[in-house]
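Asks: Structure incoming, see below.
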Protein chains: 2
Amino acid sequence: MNTEFDVIKKYFTFPALRDDVELAVGDDCAIVSVPENKKLLLTTDTLISGVHFPQNTPAKDIAYKAIMVNLSDLAAMGATPAWLSLAISLPEINEVWLTEFSTQFSALLSQYNISLVGGDTTKGHLSITIQAMGFCEQGNILRRDKAQPGDKVYVSGSIGDAAIGLHAIVNELADNALLPCIQRLNRPQARINFAAQLSTCSQCAIDISDGLVADLGHVLHASGCGAQIRLDDIPLSLAARYYFDTYCHQKTDWPILLTRGDDYELCFTVNEKNQSAVEALAKRYDLVISCIGEVTDSTELSFLSADGEVFDFEQNGFQHF
Amino acid sequence: MNTEFDVIKKYFTFPALRDDVELAVGDDCAIVSVPENKKLLLTTDTLISGVHFPQNTPAKDIAYKAIMVNLSDLAAMGATPAWLSLAISLPEINEVWLTEFSTQFSALLSQYNISLVGGDTTKGHLSITIQAMGFCEQGNILRRDKAQPGDKVYVSGSIGDAAIGLHAIVNELADNALLPCIQRLNRPQARINFAAQLSTCSQCAIDISDGLVADLGHVLHASGCGAQIRLDDIPLSLAARYYFDTYCHQKTDWPILLTRGDDYELCFTVNEKNQSAVEALAKRYDLVISCIGEVTDSTELSFLSADGEVFDFEQNGFQHF
């Protein structure tokens, strides 16, 4: 176990899963086929230890997150995943670490019927770059530039848990009630199955990786619209509510919830006439979705509290938007 | 110029070049189409500063090499490049560096008619991961497992220059006569155009990235054959001969030439009946190719000196093969 070839052979060679992969590893390139009439969708994300995940994150969680953040980008456009490549830089060849990483990696590939089609293993600071590829029919692609004034704004799942989880790790809050937030940080759930059907009710989606304020901002900027969001309708988990009750004098810290990112939930817009259809679809996939506001024909994104006051994220320390 | 978005917008947004790219940047994924009846070939290579190139390598040479090592993998299978994605990790936002990198990057994309279809920009030790994608007709793919006993073994260009170039940099040999070797290290030439036609005369190729001994070894291992190579027929550049004359008492250092890698020349095998055709093809592309030996039905790869002695790379300090 002392060369790149040994590592690839032992830890990154998985059974072929798909008929559309003619050759996955063992030559200079992989050889694959895209089905006729389907578009190929591509996305790349890098996770660097100490930047995108805490340095003490378990190997299996790193594998999980590295795949999921990429699948979440495919989900955001309604694509079904097919293949991925893995470029991994490792500070050392640690067989315990590699076994744990590889086992989780392989399990997720099987679960989503994804074939690994190559990659590269190098020596360096721990860093993982995945390119995920998937298919979508031309008419079913969700895009961030398709929001229309009057559309309802929805999000899946709950928002802000990962940010609280990271806060708990960084500040060493030893509190089991916050473990669900740490789980959400380390094990984001790409909404692949729901998203693959979402084009029946929506044309516009994004995944929330940079925080709802920034990502909804991207949608509105691309679509040339604004939105009014009701803070009270933004879905919080029980663990998040517990965090604010216990550590913040029962005051909800909106900037941590909406500007730190790592949610990997979907934010999408739905024409009023499709609201019951999208809610039925979500139910079919056991996914909680919440209508949190409306697209407007202004270019302003405003967040309103229950008493109708506008919440100003910039005044609350957020620079990004 | 203080966020990832600014960097991508200013330095990594290039004009759309290809009709098969519906969306390159600006959404969660890129959207592309693969022509009917073509296979998609994928390859990924990471270059890390201080590992894959000296830390003082100019930005434009890093851009050049990062693209070329990936195109060389496409060439090794006879594919024509179409798209690539770029995941780059930067220690800081240095606008002079980024301008130089981006200008060279863009020039090569135009030269080869390649569209950039996404990527990721992160903060960290300088590291570049490129995934290159290209097309090939099913019957025209060159594979490393197709060598046949009796085939002639060819290489393109000259071998070992990059290793001498690296040696010159590391040992600070201030000798202008070695600049061509440094140029070969920093500016490898993927043999894309020749390789795209090579399937008319050959079925089996690899690119020489790990050194001829290792890479020809991969071909022979995959094909279940051996080979006899004549050291005297291995093509050396004038600069390489000068290096051995001046710095090695006129003794050719075969291990440095054949085991250090970074050549990015092609090694391919040709049935005797196609030899004149392949030589005509090379001439058409102004490419020097050299027949250096023959595939055998043993499983041994041996290198013979002019007097018929077998040269033993393992005894000369090479572990890899």
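In the structure tokens, chains take the letters A, B, ... in the order shown, each chain's residues start at 1, and ligands count up from 1 in the order shown.
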Could you name the residues that touch A:Pro235 at 7 Å or less, counting only C-alpha atoms, but leaving out those on the same chain fewer than 5 positions away, as a list in words?
Replies: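 The filter keeps Ser158, Ile159 and Ser290 of chain A.
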Asks: Please produce an output containing N, CA, C and O atoms for each residue in the selection, written as an mmCIF file, in the first residue's frame.
Replies:
data_model
loop_
_atom_site.group_PDB
_atom_site.id
_atom_site.type_symbol
_atom_site.label_atom_id
_atom_site.label_comp_id
_atom_site.auth_asym_id
_atom_site.auth_seq_id
_atom_site.Cartn_x
_atom_site.Cartn_y
_atom_site.Cartn_z
ATOM 1 N N SER A 158 -35.869 21.809 6.961
ATOM 2 C CA SER A 158 -35.745 22.931 7.886
ATOM 3 C C SER A 158 -34.438 23.650 7.591
ATOM 4 O O SER A 158 -33.503 23.062 7.044
ATOM 5 N N ILE A 159 -34.405 24.920 7.979
ATOM 6 C CA ILE A 159 -33.312 25.810 7.549
ATOM 7 C C ILE A 159 -32.450 26.181 8.758
ATOM 8 O O ILE A 159 -32.971 26.449 9.840
ATOM 9 N N SER A 290 -42.305 24.015 2.840
ATOM 10 C CA SER A 290 -42.980 25.157 3.472
ATOM 11 C C SER A 290 -43.021 26.326 2.504
ATOM 12 O O SER A 290 -41.994 26.679 1.912
#
Asks: Determine, counting only C-alpha atoms, which protein, DNA and RNA residues have an atom within 10 Å of an atom of A:Glu92; residues of the same chain fewer than 6 positions away are not included. Present the result as an MDAnalysis selection string.
Replies: chainID A and resid 98 122:126
Asks: Please produce a file of the residues just selected, as a PDB file, in the first residue's frame, where the atoms kept are N, CA and C atoms.
Replies:
ATOM      1  N   LEU A  98      -9.069   5.496   5.248  1.00  0.00           N
ATOM      2  CA  LEU A  98      -9.473   5.171   3.873  1.00  0.00           C
ATOM      3  C   LEU A  98     -10.592   4.130   3.846  1.00  0.00           C
ATOM      4  N   THR A 122      -3.880  12.142  -4.910  1.00  0.00           N
ATOM      5  CA  THR A 122      -2.619  12.852  -4.783  1.00  0.00           C
ATOM      6  C   THR A 122      -2.285  13.026  -3.301  1.00  0.00           C
ATOM      7  N   LYS A 123      -1.057  13.428  -3.045  1.00  0.00           N
ATOM      8  CA  LYS A 123      -0.615  13.670  -1.677  1.00  0.00           C
ATOM      9  C   LYS A 123      -0.684  15.160  -1.387  1.00  0.00           C
ATOM     10  N   GLY A 124      -1.337  15.523  -0.290  1.00  0.00           N
ATOM     11  CA  GLY A 124      -1.426  16.934   0.068  1.00  0.00           C
ATOM     12  C   GLY A 124      -2.417  17.121   1.198  1.00  0.00           C
ATOM     13  N   HIS A 125      -2.694  18.376   1.505  1.00  0.00           N
ATOM     14  CA  HIS A 125      -3.701  18.714   2.515  1.00  0.00           C
ATOM     15  C   HIS A 125      -5.024  18.046   2.118  1.00  0.00           C
ATOM     16  N   LEU A 126      -5.766  17.513   3.091  1.00  0.00           N
ATOM     17  CA  LEU A 126      -7.000  16.774   2.785  1.00  0.00           C
ATOM     18  C   LEU A 126      -7.995  17.652   2.035  1.00  0.00           C
TER      19      LEU A 126
END
Asks: Each residue of chain B lying at most 6 Å from chain A should get a row with its shortest atom-to-atom pair and the distance in Å to one decimal, counting only C-alpha atoms; could you produce that, ordered by chain and increasing number, as a Markdown table?
Replies:
| residue | atom | partner | partner_atom | distance |
| --- | --- | --- | --- | --- |
| B:Asp28 | CA | A:Asp73 | CA | 5.1 |
| B:Cys29 | CA | A:Thr43 | CA | 4.8 |
| B:Ala30 | CA | A:Leu42 | CA | 5.2 |
| B:Ile31 | CA | A:Leu41 | CA | 4.7 |
| B:Val32 | CA | A:Leu40 | CA | 5.3 |
| B:Ser33 | CA | A:Lys39 | CA | 5.3 |
| B:Lys39 | CA | A:Ser33 | CA | 5.3 |
| B:Leu40 | CA | A:Val32 | CA | 5.3 |
| B:Leu41 | CA | A:Ile31 | CA | 4.7 |
| B:Leu42 | CA | A:Ala30 | CA | 5.2 |
| B:Thr43 | CA | A:Cys29 | CA | 4.8 |
| B:Thr44 | CA | A:Gly119 | CA | 5.1 |
| B:Asp45 | CA | A:Asp120 | CA | 5.7 |
| B:Asp73 | CA | A:Asp28 | CA | 5.2 |
| B:Gly119 | CA | A:Thr44 | CA | 5.1 |
| B:Asp120 | CA | A:Asp45 | CA | 5.7 |
Asks: Write out, as a compact mmCIF listing (two decimals), in the first residue's frame, the residues just selected, with all heavy atoms.
Replies:
# COMPACT_ATOMS: atom_id res chain seq x y z
N ASP B 28 -26.71 25.96 -10.92
CA ASP B 28 -26.10 24.93 -10.07
C ASP B 28 -25.30 23.92 -10.88
O ASP B 28 -24.37 23.30 -10.36
CB ASP B 28 -27.20 24.23 -9.26
CG ASP B 28 -27.81 25.17 -8.24
OD1 ASP B 28 -27.14 25.44 -7.24
OD2 ASP B 28 -28.92 25.67 -8.47
N CYS B 29 -25.69 23.71 -12.12
CA CYS B 29 -24.98 22.77 -13.01
C CYS B 29 -24.80 23.43 -14.37
O CYS B 29 -25.51 24.36 -14.71
CB CYS B 29 -25.80 21.50 -13.24
SG CYS B 29 -26.24 20.59 -11.76
N ALA B 30 -23.89 22.89 -15.15
CA ALA B 30 -23.83 23.20 -16.58
C ALA B 30 -24.74 22.22 -17.31
O ALA B 30 -24.99 21.12 -16.82
CB ALA B 30 -22.40 23.08 -17.09
N ILE B 31 -25.23 22.64 -18.48
CA ILE B 31 -26.10 21.78 -19.29
C ILE B 31 -25.44 21.60 -20.65
O ILE B 31 -25.18 22.59 -21.34
CB ILE B 31 -27.49 22.40 -19.50
CG1 ILE B 31 -28.11 22.84 -18.16
CG2 ILE B 31 -28.41 21.44 -20.24
CD1 ILE B 31 -29.41 23.66 -18.33
N VAL B 32 -25.17 20.36 -21.02
CA VAL B 32 -24.49 20.08 -22.30
C VAL B 32 -25.17 18.90 -23.00
O VAL B 32 -25.94 18.17 -22.40
CB VAL B 32 -22.99 19.76 -22.08
CG1 VAL B 32 -22.25 20.95 -21.51
CG2 VAL B 32 -22.82 18.54 -21.18
N SER B 33 -24.84 18.75 -24.29
CA SER B 33 -25.37 17.62 -25.07
C SER B 33 -24.21 16.85 -25.68
O SER B 33 -23.27 17.46 -26.20
CB SER B 33 -26.22 18.12 -26.23
OG SER B 33 -27.15 19.07 -25.80
N LYS B 39 -19.34 8.38 -28.04
CA LYS B 39 -19.08 8.08 -26.64
C LYS B 39 -18.49 9.33 -25.99
O LYS B 39 -17.77 10.10 -26.63
CB LYS B 39 -18.07 6.93 -26.53
CG LYS B 39 -18.60 5.61 -27.07
CD LYS B 39 -19.60 5.02 -26.10
CE LYS B 39 -20.12 3.69 -26.60
NZ LYS B 39 -21.04 3.07 -25.61
N LEU B 40 -18.79 9.47 -24.70
CA LEU B 40 -18.20 10.54 -23.92
C LEU B 40 -17.01 9.97 -23.15
O LEU B 40 -17.15 8.94 -22.48
CB LEU B 40 -19.24 11.11 -22.96
CG LEU B 40 -18.77 12.20 -21.99
CD1 LEU B 40 -18.38 13.48 -22.76
CD2 LEU B 40 -19.87 12.53 -20.97
N LEU B 41 -15.86 10.62 -23.26
CA LEU B 41 -14.67 10.18 -22.50
C LEU B 41 -14.33 11.23 -21.46
O LEU B 41 -14.37 12.44 -21.74
CB LEU B 41 -13.49 9.93 -23.45
CG LEU B 41 -13.62 8.59 -24.19
CD1 LEU B 41 -14.53 8.70 -25.40
CD2 LEU B 41 -12.27 8.02 -24.58
N LEU B 42 -14.03 10.75 -20.26
CA LEU B 42 -13.80 11.64 -19.11
C LEU B 42 -12.46 11.35 -18.47
O LEU B 42 -12.11 10.18 -18.31
CB LEU B 42 -14.83 11.37 -18.01
CG LEU B 42 -16.28 11.14 -18.36
CD1 LEU B 42 -17.02 10.56 -17.17
CD2 LEU B 42 -16.89 12.46 -18.75
N THR B 43 -11.78 12.39 -18.05
CA THR B 43 -10.55 12.19 -17.29
C THR B 43 -10.35 13.33 -16.31
O THR B 43 -10.80 14.45 -16.55
CB THR B 43 -9.34 12.08 -18.24
OG1 THR B 43 -8.16 11.84 -17.46
CG2 THR B 43 -9.13 13.37 -19.02
N THR B 44 -9.72 13.04 -15.19
CA THR B 44 -9.50 14.03 -14.14
C THR B 44 -8.05 13.98 -13.68
O THR B 44 -7.53 12.90 -13.41
CB THR B 44 -10.39 13.73 -12.91
OG1 THR B 44 -11.74 13.73 -13.33
CG2 THR B 44 -10.20 14.77 -11.83
N ASP B 45 -7.42 15.13 -13.58
CA ASP B 45 -6.07 15.20 -13.03
C ASP B 45 -5.94 16.40 -12.13
O ASP B 45 -6.42 17.49 -12.45
CB ASP B 45 -5.02 15.31 -14.15
CG ASP B 45 -4.44 13.95 -14.49
OD1 ASP B 45 -4.03 13.22 -13.57
OD2 ASP B 45 -4.41 13.63 -15.69
N ASP B 73 -4.55 12.86 -21.67
CA ASP B 73 -5.33 11.65 -21.38
C ASP B 73 -6.41 11.41 -22.43
O ASP B 73 -6.69 10.27 -22.80
CB ASP B 73 -5.98 11.75 -20.00
CG ASP B 73 -5.01 11.42 -18.87
OD1 ASP B 73 -4.18 10.51 -19.05
OD2 ASP B 73 -5.10 12.05 -17.81
N GLY B 119 -17.11 24.68 -12.40
CA GLY B 119 -15.98 24.43 -11.53
C GLY B 119 -16.25 25.00 -10.16
O GLY B 119 -17.38 25.29 -9.79
N ASP B 120 -15.16 25.19 -9.42
CA ASP B 120 -15.30 25.67 -8.05
C ASP B 120 -14.02 26.41 -7.69
O ASP B 120 -12.93 26.04 -8.12
CB ASP B 120 -15.51 24.48 -7.10
CG ASP B 120 -16.07 24.90 -5.76
OD1 ASP B 120 -16.41 26.09 -5.59
OD2 ASP B 120 -16.16 24.05 -4.86
Asks: Can you tell me which residues surround B:Lys152 at a distance of at most 12 Å, considering only C-alpha atoms, apart from same-chain residues fewer than 2 positions away, and format the answer as a VMD selection string?
Replies: chain B and resid 147 to 150 154 to 155 201 to 205 226 to 230 267 to 276 278 289 to 296
Asks: Keeping N, CA, C and O atoms, export the residues of the selection given above as a short mmCIF file (atom, residue, chain, number, x, y, z; two decimals), in the first residue's frame.
Replies:
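Saved to result_32.cif:
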data_model
loop_
_atom_site.label_atom_id
_atom_site.label_comp_id
_atom_site.auth_asym_id
_atom_site.auth_seq_id
_atom_site.Cartn_x
_atom_site.Cartn_y
_atom_site.Cartn_z
N ALA B 147 -2.72 -4.13 -27.08
CA ALA B 147 -1.43 -4.47 -27.71
C ALA B 147 -1.42 -5.95 -28.08
O ALA B 147 -1.96 -6.79 -27.35
N GLN B 148 -0.82 -6.27 -29.22
CA GLN B 148 -0.74 -7.64 -29.71
C GLN B 148 0.72 -8.03 -29.93
O GLN B 148 1.47 -7.20 -30.46
N PRO B 149 1.09 -9.25 -29.59
CA PRO B 149 2.46 -9.69 -29.88
C PRO B 149 2.77 -9.46 -31.37
O PRO B 149 1.92 -9.75 -32.23
N GLY B 150 3.95 -8.96 -31.63
CA GLY B 150 4.34 -8.64 -33.01
C GLY B 150 4.15 -7.18 -33.35
O GLY B 150 4.82 -6.67 -34.25
N TYR B 154 5.75 2.34 -30.66
CA TYR B 154 6.15 3.68 -31.08
C TYR B 154 6.02 4.67 -29.92
O TYR B 154 5.20 4.48 -29.03
N VAL B 155 6.82 5.72 -29.97
CA VAL B 155 6.57 6.89 -29.13
C VAL B 155 6.59 8.13 -30.01
O VAL B 155 7.26 8.16 -31.05
N CYS B 201 -4.68 3.47 -37.72
CA CYS B 201 -3.46 2.64 -37.81
C CYS B 201 -3.15 1.88 -36.53
O CYS B 201 -2.22 1.07 -36.51
N SER B 202 -3.84 2.16 -35.43
CA SER B 202 -3.48 1.58 -34.14
C SER B 202 -4.74 1.38 -33.31
O SER B 202 -5.74 2.09 -33.49
N GLN B 203 -4.68 0.43 -32.39
CA GLN B 203 -5.81 0.25 -31.47
C GLN B 203 -5.40 0.54 -30.04
O GLN B 203 -6.24 0.53 -29.14
N CYS B 204 -4.12 0.74 -29.82
CA CYS B 204 -3.59 0.72 -28.46
C CYS B 204 -2.65 1.89 -28.21
O CYS B 204 -1.63 2.02 -28.90
N ALA B 205 -3.00 2.71 -27.22
CA ALA B 205 -2.12 3.84 -26.88
C ALA B 205 -2.25 4.17 -25.40
O ALA B 205 -3.21 3.78 -24.74
N GLY B 226 4.45 -8.85 -23.38
CA GLY B 226 5.71 -8.25 -22.99
C GLY B 226 6.20 -7.36 -24.13
O GLY B 226 5.49 -7.16 -25.12
N ALA B 227 7.42 -6.84 -23.98
CA ALA B 227 8.00 -6.06 -25.09
C ALA B 227 9.51 -6.02 -24.96
O ALA B 227 10.06 -6.15 -23.86
N GLN B 228 10.16 -5.91 -26.10
CA GLN B 228 11.60 -5.65 -26.14
C GLN B 228 11.81 -4.27 -26.74
O GLN B 228 11.35 -4.01 -27.87
N ILE B 229 12.48 -3.42 -25.98
CA ILE B 229 12.70 -2.05 -26.42
C ILE B 229 14.20 -1.85 -26.62
O ILE B 229 15.01 -2.28 -25.81
N ARG B 230 14.54 -1.20 -27.73
CA ARG B 230 15.94 -0.90 -28.02
C ARG B 230 16.25 0.51 -27.50
O ARG B 230 15.75 1.51 -28.04
N CYS B 267 2.65 6.75 -26.32
CA CYS B 267 3.26 5.47 -26.63
C CYS B 267 2.15 4.62 -27.22
O CYS B 267 1.08 4.50 -26.62
N PHE B 268 2.37 4.06 -28.41
CA PHE B 268 1.30 3.30 -29.07
C PHE B 268 1.89 2.12 -29.83
O PHE B 268 3.09 2.09 -30.10
N THR B 269 1.05 1.16 -30.13
CA THR B 269 1.53 -0.03 -30.83
C THR B 269 0.84 -0.13 -32.19
O THR B 269 -0.33 0.25 -32.34
N VAL B 270 1.59 -0.63 -33.16
CA VAL B 270 1.13 -0.63 -34.55
C VAL B 270 1.46 -1.98 -35.19
O VAL B 270 2.61 -2.43 -35.12
N ASN B 271 0.47 -2.58 -35.81
CA ASN B 271 0.72 -3.78 -36.58
C ASN B 271 1.64 -3.43 -37.75
O ASN B 271 1.50 -2.37 -38.36
N GLU B 272 2.56 -4.36 -38.05
CA GLU B 272 3.57 -4.11 -39.08
C GLU B 272 2.96 -3.58 -40.38
O GLU B 272 3.49 -2.67 -41.00
N LYS B 273 1.79 -4.11 -40.74
CA LYS B 273 1.17 -3.70 -42.02
C LYS B 273 0.73 -2.23 -42.00
O LYS B 273 0.48 -1.66 -43.07
N ASN B 274 0.63 -1.64 -40.82
CA ASN B 274 0.21 -0.23 -40.74
C ASN B 274 1.36 0.74 -40.51
O ASN B 274 1.13 1.93 -40.31
N GLN B 275 2.59 0.21 -40.55
CA GLN B 275 3.71 1.10 -40.21
C GLN B 275 3.87 2.27 -41.17
O GLN B 275 4.07 3.40 -40.74
N SER B 276 3.73 2.00 -42.47
CA SER B 276 3.93 3.13 -43.39
C SER B 276 2.77 4.12 -43.26
O SER B 276 2.97 5.34 -43.35
N VAL B 278 1.09 4.84 -40.49
CA VAL B 278 1.22 5.66 -39.28
C VAL B 278 2.34 6.68 -39.45
O VAL B 278 2.25 7.81 -38.94
N ILE B 289 7.69 10.60 -34.88
CA ILE B 289 7.41 9.37 -34.14
C ILE B 289 8.57 8.40 -34.36
O ILE B 289 9.24 8.46 -35.38
N SER B 290 8.80 7.56 -33.38
CA SER B 290 9.95 6.64 -33.45
C SER B 290 9.51 5.24 -33.06
O SER B 290 8.85 5.06 -32.04
N CYS B 291 9.90 4.27 -33.88
CA CYS B 291 9.67 2.88 -33.54
C CYS B 291 10.80 2.44 -32.61
O CYS B 291 11.98 2.52 -32.97
N ILE B 292 10.47 2.03 -31.41
CA ILE B 292 11.51 1.76 -30.40
C ILE B 292 11.59 0.28 -30.01
O ILE B 292 12.43 -0.10 -29.20
N GLY B 293 10.74 -0.56 -30.59
CA GLY B 293 10.82 -1.97 -30.24
C GLY B 293 9.57 -2.72 -30.66
O GLY B 293 8.81 -2.25 -31.52
N GLU B 294 9.35 -3.86 -30.03
CA GLU B 294 8.28 -4.76 -30.45
C GLU B 294 7.58 -5.37 -29.26
O GLU B 294 8.21 -5.68 -28.24
N VAL B 295 6.29 -5.59 -29.41
CA VAL B 295 5.52 -6.34 -28.41
C VAL B 295 5.85 -7.83 -28.59
O VAL B 295 5.97 -8.31 -29.72
N THR B 296 6.00 -8.52 -27.45
CA THR B 296 6.32 -9.96 -27.51
C THR B 296 5.23 -10.76 -26.79
O THR B 296 4.39 -10.20 -26.09
#
Asks: Suppose you want the space between atom CA of A:Ser302 and atom CA of A:Asp262; what is it in Å?
Replies: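 Those two atoms sit 21.5 Å apart.
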Asks: Fewer than 3 positions away in the same chain doesn't count, so skip those; otherwise give me all residues within 12 Å of stretch 243-255 of chain B, counting only C-alpha atoms, as a PyMOL selection string.
Replies: chain B and resi 159-161+163-165+167-168+171+173+175-181+211-214+230-232+234-240+258-261+303-305+311-321
Asks: For a quick check of understanding, using only C-alpha atoms, which of A:Phe53, A:Asp286, A:Ile93, A:Tyr11 has the smallest distance to A:Ile169?
Replies: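 Once distances to A:Ile169 are computed over only C-alpha atoms, the minimum belongs to A:Phe53.
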